[in-house]
Every structure is written in C-alpha cells, then in structure tokens.
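The structure file structure16.pdb is reproduced below (PDB, N, CA and C atoms).
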ATOM      1  N   MET A   1       0.847 -25.124  48.227  1.00  0.00           N
ATOM      2  CA  MET A   1       2.259 -25.315  48.421  1.00  0.00           C
ATOM      3  C   MET A   1       2.941 -23.956  48.251  1.00  0.00           C
ATOM      4  N   HIS A   2       3.857 -23.679  49.144  1.00  0.00           N
ATOM      5  CA  HIS A   2       4.608 -22.431  49.088  1.00  0.00           C
ATOM      6  C   HIS A   2       5.847 -22.616  48.226  1.00  0.00           C
ATOM      7  N   MET A   3       6.314 -21.514  47.664  1.00  0.00           N
ATOM      8  CA  MET A   3       7.526 -21.534  46.863  1.00  0.00           C
ATOM      9  C   MET A   3       8.547 -20.614  47.531  1.00  0.00           C
ATOM     10  N   TYR A   4       9.763 -21.131  47.723  1.00  0.00           N
ATOM     11  CA  TYR A   4      10.819 -20.358  48.362  1.00  0.00           C
ATOM     12  C   TYR A   4      12.019 -20.297  47.434  1.00  0.00           C
ATOM     13  N   GLY A   5      12.662 -19.142  47.405  1.00  0.00           N
ATOM     14  CA  GLY A   5      13.898 -18.983  46.649  1.00  0.00           C
ATOM     15  C   GLY A   5      15.072 -19.480  47.473  1.00  0.00           C
ATOM     16  N   ILE A   6      16.070 -20.000  46.796  1.00  0.00           N
ATOM     17  CA  ILE A   6      17.247 -20.534  47.485  1.00  0.00           C
ATOM     18  C   ILE A   6      17.963 -19.419  48.255  1.00  0.00           C
ATOM     19  N   THR A   7      17.943 -18.218  47.730  1.00  0.00           N
ATOM     20  CA  THR A   7      18.589 -17.089  48.405  1.00  0.00           C
ATOM     21  C   THR A   7      17.886 -16.773  49.725  1.00  0.00           C
ATOM     22  N   ALA A   8      16.564 -16.820  49.732  1.00  0.00           N
ATOM     23  CA  ALA A   8      15.806 -16.556  50.954  1.00  0.00           C
ATOM     24  C   ALA A   8      16.142 -17.582  52.030  1.00  0.00           C
ATOM     25  N   ILE A   9      16.287 -18.833  51.632  1.00  0.00           N
ATOM     26  CA  ILE A   9      16.625 -19.888  52.600  1.00  0.00           C
ATOM     27  C   ILE A   9      18.039 -19.703  53.116  1.00  0.00           C
ATOM     28  N   GLN A  10      18.953 -19.308  52.233  1.00  0.00           N
ATOM     29  CA  GLN A  10      20.334 -19.073  52.663  1.00  0.00           C
ATOM     30  C   GLN A  10      20.406 -17.894  53.638  1.00  0.00           C
ATOM     31  N   ASN A  11      19.616 -16.874  53.379  1.00  0.00           N
ATOM     32  CA  ASN A  11      19.644 -15.687  54.249  1.00  0.00           C
ATOM     33  C   ASN A  11      18.892 -15.911  55.556  1.00  0.00           C
ATOM     34  N   HIS A  12      17.857 -16.751  55.539  1.00  0.00           N
ATOM     35  CA  HIS A  12      17.049 -17.026  56.729  1.00  0.00           C
ATOM     36  C   HIS A  12      16.872 -18.532  56.896  1.00  0.00           C
ATOM     37  N   PRO A  13      17.894 -19.232  57.426  1.00  0.00           N
ATOM     38  CA  PRO A  13      17.781 -20.691  57.597  1.00  0.00           C
ATOM     39  C   PRO A  13      16.622 -21.103  58.499  1.00  0.00           C
ATOM     40  N   SER A  14      16.126 -20.186  59.310  1.00  0.00           N
ATOM     41  CA  SER A  14      15.004 -20.508  60.192  1.00  0.00           C
ATOM     42  C   SER A  14      13.726 -20.793  59.395  1.00  0.00           C
ATOM     43  N   LEU A  15      13.691 -20.430  58.132  1.00  0.00           N
ATOM     44  CA  LEU A  15      12.532 -20.734  57.288  1.00  0.00           C
ATOM     45  C   LEU A  15      12.280 -22.239  57.214  1.00  0.00           C
ATOM     46  N   LEU A  16      13.347 -23.018  57.295  1.00  0.00           N
ATOM     47  CA  LEU A  16      13.201 -24.481  57.214  1.00  0.00           C
ATOM     48  C   LEU A  16      12.316 -25.025  58.328  1.00  0.00           C
ATOM     49  N   LYS A  17      12.331 -24.371  59.494  1.00  0.00           N
ATOM     50  CA  LYS A  17      11.484 -24.808  60.597  1.00  0.00           C
ATOM     51  C   LYS A  17      10.005 -24.542  60.318  1.00  0.00           C
ATOM     52  N   GLU A  18       9.730 -23.506  59.549  1.00  0.00           N
ATOM     53  CA  GLU A  18       8.352 -23.115  59.253  1.00  0.00           C
ATOM     54  C   GLU A  18       7.773 -23.848  58.045  1.00  0.00           C
ATOM     55  N   MET A  19       8.646 -24.370  57.197  1.00  0.00           N
ATOM     56  CA  MET A  19       8.209 -24.982  55.949  1.00  0.00           C
ATOM     57  C   MET A  19       7.542 -26.335  56.191  1.00  0.00           C
ATOM     58  N   THR A  20       6.516 -26.632  55.428  1.00  0.00           N
ATOM     59  CA  THR A  20       5.857 -27.934  55.486  1.00  0.00           C
ATOM     60  C   THR A  20       6.172 -28.702  54.204  1.00  0.00           C
ATOM     61  N   ILE A  21       5.448 -28.400  53.153  1.00  0.00           N
ATOM     62  CA  ILE A  21       5.745 -28.944  51.833  1.00  0.00           C
ATOM     63  C   ILE A  21       5.939 -27.737  50.926  1.00  0.00           C
ATOM     64  N   SER A  22       7.144 -27.603  50.396  1.00  0.00           N
ATOM     65  CA  SER A  22       7.477 -26.397  49.650  1.00  0.00           C
ATOM     66  C   SER A  22       8.306 -26.716  48.420  1.00  0.00           C
ATOM     67  N   LYS A  23       8.206 -25.839  47.452  1.00  0.00           N
ATOM     68  CA  LYS A  23       9.009 -25.940  46.245  1.00  0.00           C
ATOM     69  C   LYS A  23      10.173 -24.961  46.384  1.00  0.00           C
ATOM     70  N   ILE A  24      11.391 -25.450  46.113  1.00  0.00           N
ATOM     71  CA  ILE A  24      12.576 -24.618  46.203  1.00  0.00           C
ATOM     72  C   ILE A  24      13.002 -24.261  44.782  1.00  0.00           C
ATOM     73  N   VAL A  25      13.179 -22.972  44.524  1.00  0.00           N
ATOM     74  CA  VAL A  25      13.549 -22.515  43.185  1.00  0.00           C
ATOM     75  C   VAL A  25      14.785 -21.615  43.251  1.00  0.00           C
ATOM     76  N   ASP A  26      15.495 -21.588  42.143  1.00  0.00           N
ATOM     77  CA  ASP A  26      16.598 -20.641  41.987  1.00  0.00           C
ATOM     78  C   ASP A  26      16.098 -19.585  41.021  1.00  0.00           C
ATOM     79  N   LYS A  27      15.701 -18.449  41.562  1.00  0.00           N
ATOM     80  CA  LYS A  27      15.081 -17.406  40.746  1.00  0.00           C
ATOM     81  C   LYS A  27      16.077 -16.768  39.786  1.00  0.00           C
ATOM     82  N   ARG A  28      17.357 -16.762  40.153  1.00  0.00           N
ATOM     83  CA  ARG A  28      18.361 -16.162  39.270  1.00  0.00           C
ATOM     84  C   ARG A  28      18.561 -17.011  38.024  1.00  0.00           C
ATOM     85  N   ALA A  29      18.586 -18.338  38.183  1.00  0.00           N
ATOM     86  CA  ALA A  29      18.796 -19.244  37.051  1.00  0.00           C
ATOM     87  C   ALA A  29      17.482 -19.685  36.419  1.00  0.00           C
ATOM     88  N   HIS A  30      16.373 -19.275  37.012  1.00  0.00           N
ATOM     89  CA  HIS A  30      15.038 -19.629  36.514  1.00  0.00           C
ATOM     90  C   HIS A  30      14.856 -21.149  36.391  1.00  0.00           C
ATOM     91  N   LYS A  31      15.194 -21.858  37.468  1.00  0.00           N
ATOM     92  CA  LYS A  31      14.981 -23.303  37.447  1.00  0.00           C
ATOM     93  C   LYS A  31      14.568 -23.799  38.825  1.00  0.00           C
ATOM     94  N   ASP A  32      13.911 -24.949  38.815  1.00  0.00           N
ATOM     95  CA  ASP A  32      13.472 -25.578  40.055  1.00  0.00           C
ATOM     96  C   ASP A  32      14.624 -26.386  40.644  1.00  0.00           C
ATOM     97  N   ILE A  33      14.806 -26.257  41.945  1.00  0.00           N
ATOM     98  CA  ILE A  33      15.838 -27.023  42.644  1.00  0.00           C
ATOM     99  C   ILE A  33      15.259 -28.354  43.122  1.00  0.00           C
ATOM    100  N   GLY A  34      14.059 -28.308  43.663  1.00  0.00           N
ATOM    101  CA  GLY A  34      13.426 -29.516  44.179  1.00  0.00           C
ATOM    102  C   GLY A  34      12.323 -29.167  45.154  1.00  0.00           C
ATOM    103  N   TYR A  35      11.968 -30.146  45.949  1.00  0.00           N
ATOM    104  CA  TYR A  35      10.885 -29.966  46.913  1.00  0.00           C
ATOM    105  C   TYR A  35      11.384 -30.270  48.313  1.00  0.00           C
ATOM    106  N   PHE A  36      10.845 -29.563  49.279  1.00  0.00           N
ATOM    107  CA  PHE A  36      11.147 -29.790  50.688  1.00  0.00           C
ATOM    108  C   PHE A  36       9.895 -30.370  51.331  1.00  0.00           C
ATOM    109  N   ILE A  37      10.064 -31.494  52.005  1.00  0.00           N
ATOM    110  CA  ILE A  37       8.947 -32.132  52.703  1.00  0.00           C
ATOM    111  C   ILE A  37       9.330 -32.263  54.175  1.00  0.00           C
ATOM    112  N   SER A  38       8.539 -31.687  55.028  1.00  0.00           N
ATOM    113  CA  SER A  38       8.779 -31.769  56.468  1.00  0.00           C
ATOM    114  C   SER A  38       8.677 -33.218  56.936  1.00  0.00           C
ATOM    115  N   VAL A  39       9.418 -33.554  57.964  1.00  0.00           N
ATOM    116  CA  VAL A  39       9.431 -34.910  58.497  1.00  0.00           C
ATOM    117  C   VAL A  39       8.034 -35.374  58.908  1.00  0.00           C
ATOM    118  N   LYS A  40       7.214 -34.463  59.409  1.00  0.00           N
ATOM    119  CA  LYS A  40       5.887 -34.876  59.864  1.00  0.00           C
ATOM    120  C   LYS A  40       4.986 -35.319  58.711  1.00  0.00           C
ATOM    121  N   TYR A  41       5.297 -34.931  57.470  1.00  0.00           N
ATOM    122  CA  TYR A  41       4.515 -35.364  56.309  1.00  0.00           C
ATOM    123  C   TYR A  41       5.192 -36.484  55.527  1.00  0.00           C
ATOM    124  N   GLU A  42       6.434 -36.766  55.869  1.00  0.00           N
ATOM    125  CA  GLU A  42       7.213 -37.749  55.111  1.00  0.00           C
ATOM    126  C   GLU A  42       6.568 -39.125  55.107  1.00  0.00           C
ATOM    127  N   LYS A  43       6.054 -39.568  56.247  1.00  0.00           N
ATOM    128  CA  LYS A  43       5.480 -40.916  56.307  1.00  0.00           C
ATOM    129  C   LYS A  43       4.257 -41.052  55.401  1.00  0.00           C
ATOM    130  N   TYR A  44       3.515 -39.976  55.221  1.00  0.00           N
ATOM    131  CA  TYR A  44       2.347 -40.022  54.345  1.00  0.00           C
ATOM    132  C   TYR A  44       2.753 -40.089  52.871  1.00  0.00           C
ATOM    133  N   LEU A  45       3.787 -39.365  52.540  1.00  0.00           N
ATOM    134  CA  LEU A  45       4.193 -39.250  51.148  1.00  0.00           C
ATOM    135  C   LEU A  45       5.196 -40.321  50.712  1.00  0.00           C
ATOM    136  N   LYS A  46       5.846 -40.970  51.666  1.00  0.00           N
ATOM    137  CA  LYS A  46       6.884 -41.944  51.340  1.00  0.00           C
ATOM    138  C   LYS A  46       6.339 -43.087  50.479  1.00  0.00           C
ATOM    139  N   GLU A  47       5.191 -43.627  50.840  1.00  0.00           N
ATOM    140  CA  GLU A  47       4.596 -44.722  50.072  1.00  0.00           C
ATOM    141  C   GLU A  47       4.256 -44.285  48.649  1.00  0.00           C
ATOM    142  N   ILE A  48       3.743 -43.081  48.518  1.00  0.00           N
ATOM    143  CA  ILE A  48       3.382 -42.563  47.196  1.00  0.00           C
ATOM    144  C   ILE A  48       4.634 -42.380  46.347  1.00  0.00           C
ATOM    145  N   ILE A  49       5.675 -41.810  46.928  1.00  0.00           N
ATOM    146  CA  ILE A  49       6.922 -41.584  46.203  1.00  0.00           C
ATOM    147  C   ILE A  49       7.532 -42.917  45.777  1.00  0.00           C
ATOM    148  N   GLU A  50       7.526 -43.912  46.673  1.00  0.00           N
ATOM    149  CA  GLU A  50       8.070 -45.224  46.332  1.00  0.00           C
ATOM    150  C   GLU A  50       7.292 -45.871  45.191  1.00  0.00           C
ATOM    151  N   LYS A  51       5.970 -45.724  45.190  1.00  0.00           N
ATOM    152  CA  LYS A  51       5.154 -46.281  44.107  1.00  0.00           C
ATOM    153  C   LYS A  51       5.473 -45.600  42.781  1.00  0.00           C
ATOM    154  N   ILE A  52       5.614 -44.285  42.801  1.00  0.00           N
ATOM    155  CA  ILE A  52       5.952 -43.549  41.585  1.00  0.00           C
ATOM    156  C   ILE A  52       7.312 -43.998  41.057  1.00  0.00           C
ATOM    157  N   GLU A  53       8.301 -44.122  41.948  1.00  0.00           N
ATOM    158  CA  GLU A  53       9.632 -44.562  41.530  1.00  0.00           C
ATOM    159  C   GLU A  53       9.590 -45.976  40.958  1.00  0.00           C
ATOM    160  N   LYS A  54       8.811 -46.857  41.577  1.00  0.00           N
ATOM    161  CA  LYS A  54       8.681 -48.229  41.090  1.00  0.00           C
ATOM    162  C   LYS A  54       8.048 -48.246  39.697  1.00  0.00           C
ATOM    163  N   ASP A  55       6.988 -47.459  39.515  1.00  0.00           N
ATOM    164  CA  ASP A  55       6.328 -47.380  38.204  1.00  0.00           C
ATOM    165  C   ASP A  55       7.279 -46.838  37.139  1.00  0.00           C
ATOM    166  N   GLU A  56       8.092 -45.851  37.501  1.00  0.00           N
ATOM    167  CA  GLU A  56       9.055 -45.287  36.555  1.00  0.00           C
ATOM    168  C   GLU A  56      10.096 -46.333  36.158  1.00  0.00           C
ATOM    169  N   LYS A  57      10.570 -47.119  37.126  1.00  0.00           N
ATOM    170  CA  LYS A  57      11.551 -48.162  36.821  1.00  0.00           C
ATOM    171  C   LYS A  57      10.954 -49.226  35.912  1.00  0.00           C
ATOM    172  N   ILE A  58       9.714 -49.614  36.182  1.00  0.00           N
ATOM    173  CA  ILE A  58       9.047 -50.614  35.333  1.00  0.00           C
ATOM    174  C   ILE A  58       8.896 -50.076  33.916  1.00  0.00           C
ATOM    175  N   GLU A  59       8.512 -48.818  33.786  1.00  0.00           N
ATOM    176  CA  GLU A  59       8.359 -48.209  32.461  1.00  0.00           C
ATOM    177  C   GLU A  59       9.687 -48.194  31.707  1.00  0.00           C
ATOM    178  N   LYS A  60      10.783 -47.846  32.386  1.00  0.00           N
ATOM    179  CA  LYS A  60      12.095 -47.838  31.754  1.00  0.00           C
ATOM    180  C   LYS A  60      12.495 -49.243  31.309  1.00  0.00           C
ATOM    181  N   LEU A  61      12.237 -50.234  32.152  1.00  0.00           N
ATOM    182  CA  LEU A  61      12.565 -51.610  31.793  1.00  0.00           C
ATOM    183  C   LEU A  61      11.756 -52.077  30.584  1.00  0.00           C
ATOM    184  N   GLU A  62      10.487 -51.699  30.522  1.00  0.00           N
ATOM    185  CA  GLU A  62       9.650 -52.085  29.379  1.00  0.00           C
ATOM    186  C   GLU A  62      10.151 -51.429  28.099  1.00  0.00           C
ATOM    187  N   ARG A  63      10.569 -50.155  28.181  1.00  0.00           N
ATOM    188  CA  ARG A  63      11.115 -49.482  26.995  1.00  0.00           C
ATOM    189  C   ARG A  63      12.419 -50.138  26.557  1.00  0.00           C
ATOM    190  N   LEU A  64      13.264 -50.504  27.525  1.00  0.00           N
ATOM    191  CA  LEU A  64      14.525 -51.170  27.216  1.00  0.00           C
ATOM    192  C   LEU A  64      14.273 -52.514  26.553  1.00  0.00           C
ATOM    193  N   LYS A  65      13.315 -53.272  27.078  1.00  0.00           N
ATOM    194  CA  LYS A  65      12.985 -54.574  26.505  1.00  0.00           C
ATOM    195  C   LYS A  65      12.464 -54.411  25.081  1.00  0.00           C
ATOM    196  N   ALA A  66      11.600 -53.434  24.856  1.00  0.00           N
ATOM    197  CA  ALA A  66      11.068 -53.190  23.507  1.00  0.00           C
ATOM    198  C   ALA A  66      12.199 -52.827  22.554  1.00  0.00           C
ATOM    199  N   HIS A  67      13.143 -52.031  23.030  1.00  0.00           N
ATOM    200  CA  HIS A  67      14.289 -51.645  22.197  1.00  0.00           C
ATOM    201  C   HIS A  67      15.143 -52.865  21.868  1.00  0.00           C
ATOM    202  N   GLN A  68      15.382 -53.721  22.853  1.00  0.00           N
ATOM    203  CA  GLN A  68      16.173 -54.930  22.619  1.00  0.00           C
ATOM    204  C   GLN A  68      15.452 -55.881  21.673  1.00  0.00           C
ATOM    205  N   ASP A  69      14.122 -55.966  21.789  1.00  0.00           N
ATOM    206  CA  ASP A  69      13.346 -56.805  20.875  1.00  0.00           C
ATOM    207  C   ASP A  69      13.492 -56.304  19.444  1.00  0.00           C
ATOM    208  N   LEU A  70      13.464 -54.979  19.256  1.00  0.00           N
ATOM    209  CA  LEU A  70      13.627 -54.414  17.921  1.00  0.00           C
ATOM    210  C   LEU A  70      15.015 -54.709  17.362  1.00  0.00           C
ATOM    211  N   GLU A  71      16.044 -54.592  18.219  1.00  0.00           N
ATOM    212  CA  GLU A  71      17.399 -54.906  17.769  1.00  0.00           C
ATOM    213  C   GLU A  71      17.498 -56.367  17.344  1.00  0.00           C
ATOM    214  N   PHE A  72      16.857 -57.257  18.074  1.00  0.00           N
ATOM    215  CA  PHE A  72      16.874 -58.678  17.746  1.00  0.00           C
ATOM    216  C   PHE A  72      16.200 -58.914  16.400  1.00  0.00           C
ATOM    217  N   CYS A  73      15.093 -58.218  16.162  1.00  0.00           N
ATOM    218  CA  CYS A  73      14.380 -58.359  14.881  1.00  0.00           C
ATOM    219  C   CYS A  73      15.227 -57.839  13.723  1.00  0.00           C
ATOM    220  N   GLU A  74      15.979 -56.765  13.967  1.00  0.00           N
ATOM    221  CA  GLU A  74      16.808 -56.205  12.917  1.00  0.00           C
ATOM    222  C   GLU A  74      17.942 -57.134  12.529  1.00  0.00           C
ATOM    223  N   VAL A  75      18.478 -57.852  13.512  1.00  0.00           N
ATOM    224  CA  VAL A  75      19.529 -58.809  13.230  1.00  0.00           C
ATOM    225  C   VAL A  75      18.985 -59.899  12.322  1.00  0.00           C
ATOM    226  N   GLY A  76      17.760 -60.291  12.588  1.00  0.00           N
ATOM    227  CA  GLY A  76      17.069 -61.264  11.724  1.00  0.00           C
ATOM    228  C   GLY A  76      17.523 -62.680  11.991  1.00  0.00           C
ATOM    229  N   VAL A  77      16.909 -63.554  11.227  1.00  0.00           N
ATOM    230  CA  VAL A  77      17.204 -64.977  11.326  1.00  0.00           C
ATOM    231  C   VAL A  77      17.823 -65.403  10.002  1.00  0.00           C
ATOM    232  N   ASP A  78      18.882 -66.152  10.100  1.00  0.00           N
ATOM    233  CA  ASP A  78      19.543 -66.640   8.886  1.00  0.00           C
ATOM    234  C   ASP A  78      18.662 -67.662   8.210  1.00  0.00           C
ATOM    235  N   ASP A  79      18.245 -67.352   6.958  1.00  0.00           N
ATOM    236  CA  ASP A  79      17.346 -68.279   6.254  1.00  0.00           C
ATOM    237  C   ASP A  79      18.108 -69.248   5.370  1.00  0.00           C
ATOM    238  N   GLY A  80      19.435 -69.168   5.379  1.00  0.00           N
ATOM    239  CA  GLY A  80      20.232 -70.121   4.612  1.00  0.00           C
ATOM    240  C   GLY A  80      20.468 -69.710   3.179  1.00  0.00           C
ATOM    241  N   ILE A  81      19.878 -68.640   2.718  1.00  0.00           N
ATOM    242  CA  ILE A  81      20.053 -68.196   1.341  1.00  0.00           C
ATOM    243  C   ILE A  81      21.207 -67.214   1.303  1.00  0.00           C
ATOM    244  N   GLU A  82      22.141 -67.469   0.403  1.00  0.00           N
ATOM    245  CA  GLU A  82      23.303 -66.575   0.308  1.00  0.00           C
ATOM    246  C   GLU A  82      23.343 -65.861  -1.001  1.00  0.00           C
TER
END

Structure re-expressed in structure tokens:
Amino acid sequence: MHMYGITAIQNHPSLLKEMTISKIVDKRAHKDIGYFISVKYEKYLKEIIEKIEKDEKIEKLERLKAHQDLEFCEVGVDDGIE
C-alpha cells in the first residue's frame, strides 16, 4: 500500500487517478487522514468492511448490555429489611 501526503494530493490532483489502495496522511500534523480505495477494488472490500462494521456494532452493544446489567445489579433488589 502506498502512502500519500495530503499536500501532494492537493498539489497534484491527478494522483487520484493513479492511486489504487492508499493511505492518506497529514505529515505536518503527524496524523492519518484515512484510506483511499479505487472504485475497481471497492466491490471486493465492501463486504469485508461491512462485516467489520457489523462486528464492531455487536461488540458495542454487548459492552452496553454488560454495563446496564451491572447498573441493575448495583440498584439491587429490595429485601424488605429497613
């Protein structure tokens, strides 16, 4: 995978035509901007990306449920003793 700086893309927009799967970085801020995927590879990667997103959502829901279960346990059950 090639890595391109955002400045290089701004100065030479024609690079987008040559890019296949690339990482876009902001070298001045030292951070990753994201990834560029050419349309010809999108159909191959779309299913994988959707599966990853689905797994992430399921994981978040499971963590939320576990947190809610803990809150319910903390509230406790009234045993009638005062």

**Complete:** Computed gap from atom N of Glu50 of chain A to atom C of Ile37 of chain A is 14.0 Å

**Message:** Please compute the atom C of Lys65 of chain A-atom CA of Lys51 of chain A distance, one decimal, in Å.
**Reply:**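 Distance reported for this atom pair: 21.9 Å.
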
**Message:** Just the number, please: distance in Å from atom CA of Ile6 of chain A to atom CA of Ile33 of chain A, one decimal.
**Reply:**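 So the answer is 8.2 Å.
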
**Item:** Test item, strand (DSSP E or B) assignment across chain A, answer as a VMD selection string
**Value:** chain A and resid 2 to 5 21 to 26 31 to 37

**Request:** Would you mind telling me which residue in A:Pro13, A:Tyr4, A:Thr20, A:Asp55 lies nearest to Lys40 of chain A when using all atoms listed in the file?
**Result:**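 Checking each of A:Pro13, A:Tyr4, A:Thr20, A:Asp55 against Lys40 of chain A, counting all atoms listed in the file, the winner is A:Thr20.
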
**Request:** Give the helix (DSSP H, G or I) residues of segment 27-60 of chain A, as DSSP finds them on the backbone, and put them as a PyMOL selection string.
**Result:** chain A and resi 39-60
